[in-house]
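Participant: Input: one structure, supplied below.
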Amino acid sequence: MKNKTFDIAKMLRPSIAKLQAYSSARDEFQDAGSEHTFLDANENPFENGLNRYPDPNQIAVKNRLSEIKGIQSENILLGNGSDEVLDLIFRAFCEPNKDNIIINPPTYGMYKVLAALNNVAIKNVPLTNDFQLQTNRIIASVDKNTKIVFVCSPNNPTGNLMQISAIKKLLEQDILVVIDEAYIDFTEEKSWLQEVKNYNNLIVTQTLSKAYGLAGIRLGICYSNSVIINILQKIKMPYNVNVLTQSTALKSLENNATVEKEIQRILKNREALIVSLKKISFIETIYPSDANFLLVKVDDANLRYQQLIENDVVVRNRTNEPLCNNCLRITVGTAQENEKLIKNLVQLDN
Ligand SMILES: *Cc1c(COP(=O)(O)O)cnc(C)c1O
């Protein structure tokens, strides 16, 4: 391990350290398809495919992820979207009304919401003008109650990756580093997930909501060392990932050729979209993107956002976020959807 001074025991909330996990009926005998006669969980016995509780440990999905990602199952935790995973991280390590976390705006809005929900203070260290981490300022703002720094890479809403050297510096600090990789499948850059073997303070989150096209099933993934995974596993709701989600996720992970093809199409559409957006005179900047969306600076974001809505095209207005004055975030759609957007922008431009 590269961080020799980090001590997870000091990070953990005392009440969580003491907590005895709920042991569900299905914890002990998970093999629902086996010879066992299950009279342990007060389920309706008439089989309809959904009458049994889901596997609380999601073994089949984790095993498949383990194969694909080249990481042990013991390094994986699954949640009801990565939003649940992020909430679990707060609840495990941040004592309400005492601890604080660091975020780097403009970034994903849920970190702030989850901090408020858990009554945890936030230290905001904005990104630089080119949307990179201010590593020295982050490190300077760490105090004895700082538990976590959230790094979103590729970042939402700016679309860029964070520099490897900056993240490495953060990993040398005695705080947890959560790297949110919701958009990692859209970039050539490698994930940090293999580094959980080298850093005992690293947590990586991913999701099936974006590249995998499964936002509707809610499946979030967390990779970390087994000590952290066991802590999160202990505090999660026993049946947090339902049967339908587990079976749909498994099917998608068993055949990811479709996913790979769709990612390539989205990337191609993104490049085509950039070419078209460049021709619109009121678009001042198109920021480089390693994700499936583009952040663009326009002359008047509120006006353009409203005009697009009047033409039934909905984009995300980010003008009130730091460093995002007059910026819109546009998701890369199908070729047809992108054409509709462009047609409207060209009309507004005339
Ligand atoms: C969309 C998004 C998520 C949400 O993931 P779910 O798995 O759908 O909860 C997490 N992080 C970032 C940065 C996102 O943009």
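By convention in this document, the chains of the structure tokens carry letters A, B, ... by their order, each chain's residues are numbered from 1, and ligands are numbered from 1 in the order they are shown.
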What lies within 10 Å of Gln20 (chain A) using only C-alpha atoms, ignoring chain neighbours under 3 positions off, as a CSV table (one decimal) with C-alpha atoms, in the first residue's frame?
Facilitator:
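Full text of selection_37.csv as output:
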chain,number,residue,atom,x,y,z
A,15,SER,CA,-21.5,4.1,15.8
A,16,ILE,CA,-20.8,2.3,12.5
A,17,ALA,CA,-17.8,0.5,13.9
A,23,SER,CA,-28.7,-10.8,9.1
A,234,LYS,CA,-22.6,-4.0,6.5
A,235,ILE,CA,-24.6,-0.7,6.5
Participant: Could the residues that lie within 6 Å of ligand 1, counting only C-alpha atoms and all ligand atoms, be listed as a list in words?
Facilitator: Gly81, Ser82, Asp83, Tyr108, Cys152, Asn156, Asp180, Ala182, Thr207, Ser209, Ala215, Arg218, Leu219 and Gly220 of chain A
Participant: Write out as a PyMOL selection string each polymer residue whose atoms come within 12 Å of Glu67 (chain A), counting only C-alpha atoms; drop sequence neighbours fewer than 6 positions from it.
Facilitator: chain A and resi 60-61+73+76+253-254
Participant: Just list the residues in region 4-131 of chain A DSSP gives helix (DSSP H, G or I) on the backbone, as a PyMOL selection string.
Facilitator: chain A and resi 8-11+14-18+25-28+59-69+73-75+81-93+110-117
Participant: Considering only C-alpha atoms, state which residue in the set A:Phe293, A:Tyr223, A:Tyr199, A:Phe93 is at the smallest distance from Ile266 (chain A).
Facilitator: A:Phe293
Participant: I'd like to know which of A:Leu294, A:Val332, A:Met110, A:Ile217 is closest to Asn80 (chain A), using only C-alpha atoms.
Facilitator: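 For Asn80 (chain A), the nearest of the candidates is A:Ile217.
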Participant: With only C-alpha atoms as the counted atoms, please give the residues lying no more than 10 Å from Ala272 (chain A), apart from itself and same-chain residues fewer than 4 positions off, as a list of chain:residue names.
Facilitator: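 My list of contacting residues is A:Ile266, A:Leu267, A:Lys268, A:Ser276, A:Leu277, A:Val332, A:Ala335, A:Asn338, A:Glu339.
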Participant: Residues as selected, N, CA and C atoms, written as a PDB file, in the first residue's frame, can you do that?
Facilitator:
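Output saved as out_7.pdb:
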ATOM      1  N   ILE A 266     -22.179   6.647 -30.133  1.00  0.00           N
ATOM      2  CA  ILE A 266     -22.324   7.902 -29.380  1.00  0.00           C
ATOM      3  C   ILE A 266     -21.098   8.788 -29.592  1.00  0.00           C
ATOM      4  N   LEU A 267     -19.910   8.164 -29.583  1.00  0.00           N
ATOM      5  CA  LEU A 267     -18.684   8.959 -29.772  1.00  0.00           C
ATOM      6  C   LEU A 267     -18.635   9.565 -31.168  1.00  0.00           C
ATOM      7  N   LYS A 268     -19.073   8.782 -32.156  1.00  0.00           N
ATOM      8  CA  LYS A 268     -19.118   9.281 -33.527  1.00  0.00           C
ATOM      9  C   LYS A 268     -20.111  10.450 -33.633  1.00  0.00           C
ATOM     10  N   SER A 276     -21.119  20.443 -36.238  1.00  0.00           N
ATOM     11  CA  SER A 276     -22.301  21.277 -36.492  1.00  0.00           C
ATOM     12  C   SER A 276     -22.392  22.456 -35.531  1.00  0.00           C
ATOM     13  N   LEU A 277     -22.069  22.213 -34.255  1.00  0.00           N
ATOM     14  CA  LEU A 277     -22.173  23.289 -33.261  1.00  0.00           C
ATOM     15  C   LEU A 277     -21.194  24.429 -33.561  1.00  0.00           C
ATOM     16  N   VAL A 332     -25.325  13.908 -25.875  1.00  0.00           N
ATOM     17  CA  VAL A 332     -25.251  13.424 -27.246  1.00  0.00           C
ATOM     18  C   VAL A 332     -26.375  12.397 -27.437  1.00  0.00           C
ATOM     19  N   ALA A 335     -28.489  10.235 -33.945  1.00  0.00           N
ATOM     20  CA  ALA A 335     -28.211  11.150 -35.057  1.00  0.00           C
ATOM     21  C   ALA A 335     -29.426  12.036 -35.314  1.00  0.00           C
ATOM     22  N   ASN A 338     -29.894  14.688 -32.575  1.00  0.00           N
ATOM     23  CA  ASN A 338     -28.888  15.745 -32.732  1.00  0.00           C
ATOM     24  C   ASN A 338     -29.236  16.662 -33.901  1.00  0.00           C
ATOM     25  N   GLU A 339     -29.762  16.061 -34.970  1.00  0.00           N
ATOM     26  CA  GLU A 339     -30.173  16.870 -36.121  1.00  0.00           C
ATOM     27  C   GLU A 339     -31.277  17.850 -35.753  1.00  0.00           C
TER      28      GLU A 339
END
Participant: Go through A:Gly333, A:Pro56, A:Gly213, A:Gly159 and flag the residue nearest Val259 (chain A), using only C-alpha atoms for the distances.
Facilitator: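 Going through A:Gly333, A:Pro56, A:Gly213, A:Gly159 one by one, the smallest distance to Val259 (chain A) is for A:Gly213.
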Participant: Work out how far CA of Gln206 (chain A) is from CA of Ala9 (chain A), in Å to one decimal.
Facilitator: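 Here the two named atoms are 25.1 Å from each other.
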Participant: Choose the residue, out of A:Asn201, A:Ser252, A:Thr135, A:Asn326, that has the smallest atom-to-atom separation from Leu65 (chain A); count only C-alpha atoms.
Facilitator: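 When distances to Leu65 (chain A) are compared using only C-alpha atoms, the smallest one comes from A:Ser252.
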Participant: Between A:Asp185, A:Glu262, A:Glu321, A:Glu271, which is the closest to Ile286 (chain A) once you count only C-alpha atoms?
Facilitator: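 Under the stated criterion, the closest residue is A:Glu271.
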Participant: Here is a test: counting only C-alpha atoms, which residue of A:Cys94, A:Cys222, A:Leu19, A:Ile263 is nearest to Trp192 (chain A)?
Facilitator: A:Cys222
Participant: What is the CA of Gly216 (chain A)-CA of Thr245 (chain A) distance in Å, reported with one decimal?
Facilitator: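 CA of Gly216 (chain A) sits 8.9 Å away from CA of Thr245 (chain A).
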Participant: DSSP on the backbone: which residues in region 60-184 of chain A end up as strand (DSSP E or B)? Give the answer as a PDB file with N, CA, C and O atoms, in the first residue's frame.
Facilitator:
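Printed below is selection.pdb as written:
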ATOM      1  N   ILE A  76     -15.943  -5.445  -4.673  1.00  0.00           N
ATOM      2  CA  ILE A  76     -17.099  -4.827  -5.334  1.00  0.00           C
ATOM      3  C   ILE A  76     -18.292  -4.710  -4.378  1.00  0.00           C
ATOM      4  O   ILE A  76     -18.611  -5.666  -3.656  1.00  0.00           O
ATOM      5  N   LEU A  77     -18.954  -3.563  -4.405  1.00  0.00           N
ATOM      6  CA  LEU A  77     -20.238  -3.390  -3.724  1.00  0.00           C
ATOM      7  C   LEU A  77     -21.228  -2.835  -4.732  1.00  0.00           C
ATOM      8  O   LEU A  77     -20.869  -1.989  -5.546  1.00  0.00           O
ATOM      9  N   LEU A  78     -22.462  -3.323  -4.699  1.00  0.00           N
ATOM     10  CA  LEU A  78     -23.477  -2.831  -5.635  1.00  0.00           C
ATOM     11  C   LEU A  78     -24.547  -2.044  -4.892  1.00  0.00           C
ATOM     12  O   LEU A  78     -24.881  -2.350  -3.748  1.00  0.00           O
ATOM     13  N   GLY A  79     -25.094  -1.043  -5.573  1.00  0.00           N
ATOM     14  CA  GLY A  79     -26.121  -0.218  -4.942  1.00  0.00           C
ATOM     15  C   GLY A  79     -27.249   0.119  -5.900  1.00  0.00           C
ATOM     16  O   GLY A  79     -27.165  -0.142  -7.099  1.00  0.00           O
ATOM     17  N   ASN A 100     -16.449  16.983   7.710  1.00  0.00           N
ATOM     18  CA  ASN A 100     -16.653  17.717   6.455  1.00  0.00           C
ATOM     19  C   ASN A 100     -16.039  16.958   5.291  1.00  0.00           C
ATOM     20  O   ASN A 100     -15.235  16.044   5.476  1.00  0.00           O
ATOM     21  N   ILE A 101     -16.476  17.345   4.100  1.00  0.00           N
ATOM     22  CA  ILE A 101     -15.961  16.750   2.867  1.00  0.00           C
ATOM     23  C   ILE A 101     -15.542  17.880   1.921  1.00  0.00           C
ATOM     24  O   ILE A 101     -15.949  19.026   2.105  1.00  0.00           O
ATOM     25  N   ILE A 102     -14.762  17.511   0.905  1.00  0.00           N
ATOM     26  CA  ILE A 102     -14.322  18.503  -0.078  1.00  0.00           C
ATOM     27  C   ILE A 102     -14.892  18.143  -1.449  1.00  0.00           C
ATOM     28  O   ILE A 102     -14.836  16.981  -1.865  1.00  0.00           O
ATOM     29  N   ILE A 103     -15.478  19.144  -2.108  1.00  0.00           N
ATOM     30  CA  ILE A 103     -15.884  18.956  -3.504  1.00  0.00           C
ATOM     31  C   ILE A 103     -15.273  20.074  -4.352  1.00  0.00           C
ATOM     32  O   ILE A 103     -14.821  21.089  -3.822  1.00  0.00           O
ATOM     33  N   ALA A 121     -20.675  19.108   6.622  1.00  0.00           N
ATOM     34  CA  ALA A 121     -20.235  20.384   6.028  1.00  0.00           C
ATOM     35  C   ALA A 121     -19.428  20.148   4.750  1.00  0.00           C
ATOM     36  O   ALA A 121     -18.785  19.106   4.595  1.00  0.00           O
ATOM     37  N   ILE A 122     -19.504  21.151   3.863  1.00  0.00           N
ATOM     38  CA  ILE A 122     -18.797  21.059   2.591  1.00  0.00           C
ATOM     39  C   ILE A 122     -17.724  22.124   2.519  1.00  0.00           C
ATOM     40  O   ILE A 122     -17.965  23.285   2.875  1.00  0.00           O
ATOM     41  N   LYS A 123     -16.551  21.735   2.046  1.00  0.00           N
ATOM     42  CA  LYS A 123     -15.536  22.728   1.665  1.00  0.00           C
ATOM     43  C   LYS A 123     -15.469  22.725   0.152  1.00  0.00           C
ATOM     44  O   LYS A 123     -15.210  21.692  -0.456  1.00  0.00           O
ATOM     45  N   ASN A 124     -15.750  23.878  -0.419  1.00  0.00           N
ATOM     46  CA  ASN A 124     -15.727  24.004  -1.879  1.00  0.00           C
ATOM     47  C   ASN A 124     -14.357  24.490  -2.325  1.00  0.00           C
ATOM     48  O   ASN A 124     -13.924  25.564  -1.924  1.00  0.00           O
ATOM     49  N   THR A 146     -11.880  16.419   8.155  1.00  0.00           N
ATOM     50  CA  THR A 146     -12.123  16.189   6.729  1.00  0.00           C
ATOM     51  C   THR A 146     -11.989  14.709   6.431  1.00  0.00           C
ATOM     52  O   THR A 146     -10.961  14.096   6.694  1.00  0.00           O
ATOM     53  N   LYS A 147     -13.062  14.134   5.895  1.00  0.00           N
ATOM     54  CA  LYS A 147     -13.061  12.692   5.677  1.00  0.00           C
ATOM     55  C   LYS A 147     -12.881  12.296   4.221  1.00  0.00           C
ATOM     56  O   LYS A 147     -12.256  11.288   3.924  1.00  0.00           O
ATOM     57  N   ILE A 148     -13.471  13.062   3.338  1.00  0.00           N
ATOM     58  CA  ILE A 148     -13.529  12.599   1.946  1.00  0.00           C
ATOM     59  C   ILE A 148     -13.295  13.762   0.980  1.00  0.00           C
ATOM     60  O   ILE A 148     -13.752  14.882   1.230  1.00  0.00           O
ATOM     61  N   VAL A 149     -12.607  13.485  -0.126  1.00  0.00           N
ATOM     62  CA  VAL A 149     -12.646  14.402  -1.263  1.00  0.00           C
ATOM     63  C   VAL A 149     -13.292  13.657  -2.430  1.00  0.00           C
ATOM     64  O   VAL A 149     -12.948  12.497  -2.701  1.00  0.00           O
ATOM     65  N   PHE A 150     -14.277  14.304  -3.056  1.00  0.00           N
ATOM     66  CA  PHE A 150     -14.966  13.710  -4.198  1.00  0.00           C
ATOM     67  C   PHE A 150     -14.364  14.249  -5.487  1.00  0.00           C
ATOM     68  O   PHE A 150     -14.328  15.463  -5.699  1.00  0.00           O
ATOM     69  N   VAL A 151     -13.895  13.339  -6.325  1.00  0.00           N
ATOM     70  CA  VAL A 151     -13.310  13.714  -7.610  1.00  0.00           C
ATOM     71  C   VAL A 151     -14.150  13.055  -8.703  1.00  0.00           C
ATOM     72  O   VAL A 151     -14.317  11.843  -8.703  1.00  0.00           O
ATOM     73  N   CYS A 152     -14.682  13.876  -9.581  1.00  0.00           N
ATOM     74  CA  CYS A 152     -15.523  13.338 -10.649  1.00  0.00           C
ATOM     75  C   CYS A 152     -14.699  13.385 -11.938  1.00  0.00           C
ATOM     76  O   CYS A 152     -14.296  14.451 -12.377  1.00  0.00           O
ATOM     77  N   LEU A 176     -10.171   9.921   2.558  1.00  0.00           N
ATOM     78  CA  LEU A 176     -10.680   9.033   1.517  1.00  0.00           C
ATOM     79  C   LEU A 176     -10.817   9.803   0.212  1.00  0.00           C
ATOM     80  O   LEU A 176     -11.252  10.956   0.206  1.00  0.00           O
ATOM     81  N   VAL A 177     -10.444   9.168  -0.873  1.00  0.00           N
ATOM     82  CA  VAL A 177     -10.604   9.782  -2.192  1.00  0.00           C
ATOM     83  C   VAL A 177     -11.638   8.960  -2.960  1.00  0.00           C
ATOM     84  O   VAL A 177     -11.432   7.773  -3.220  1.00  0.00           O
ATOM     85  N   VAL A 178     -12.774   9.589  -3.249  1.00  0.00           N
ATOM     86  CA  VAL A 178     -13.809   8.924  -4.040  1.00  0.00           C
ATOM     87  C   VAL A 178     -13.708   9.424  -5.475  1.00  0.00           C
ATOM     88  O   VAL A 178     -13.830  10.627  -5.722  1.00  0.00           O
ATOM     89  N   ILE A 179     -13.446   8.527  -6.411  1.00  0.00           N
ATOM     90  CA  ILE A 179     -13.399   8.923  -7.820  1.00  0.00           C
ATOM     91  C   ILE A 179     -14.672   8.415  -8.499  1.00  0.00           C
ATOM     92  O   ILE A 179     -14.919   7.214  -8.571  1.00  0.00           O
ATOM     93  N   ASP A 180     -15.479   9.364  -8.921  1.00  0.00           N
ATOM     94  CA  ASP A 180     -16.765   9.046  -9.557  1.00  0.00           C
ATOM     95  C   ASP A 180     -16.525   8.898 -11.062  1.00  0.00           C
ATOM     96  O   ASP A 180     -16.257   9.877 -11.755  1.00  0.00           O
TER      97      ASP A 180
END
Participant: Which residues are close to Ala25 (chain A), i.e. within 8 Å by only C-alpha atoms, leaving aside same-chain residues fewer than 2 positions away? Reply as JSON, numbers by chain.
Facilitator: {"A": [23, 27, 28, 29, 40, 41]}
Participant: Kindly give the distance, in Å, that separates CA of Lys2 (chain A) and CA of Leu171 (chain A), rounded to a single decimal.
Facilitator: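 So the two atoms, CA of Lys2 (chain A) and CA of Leu171 (chain A), lie 8.6 Å apart.
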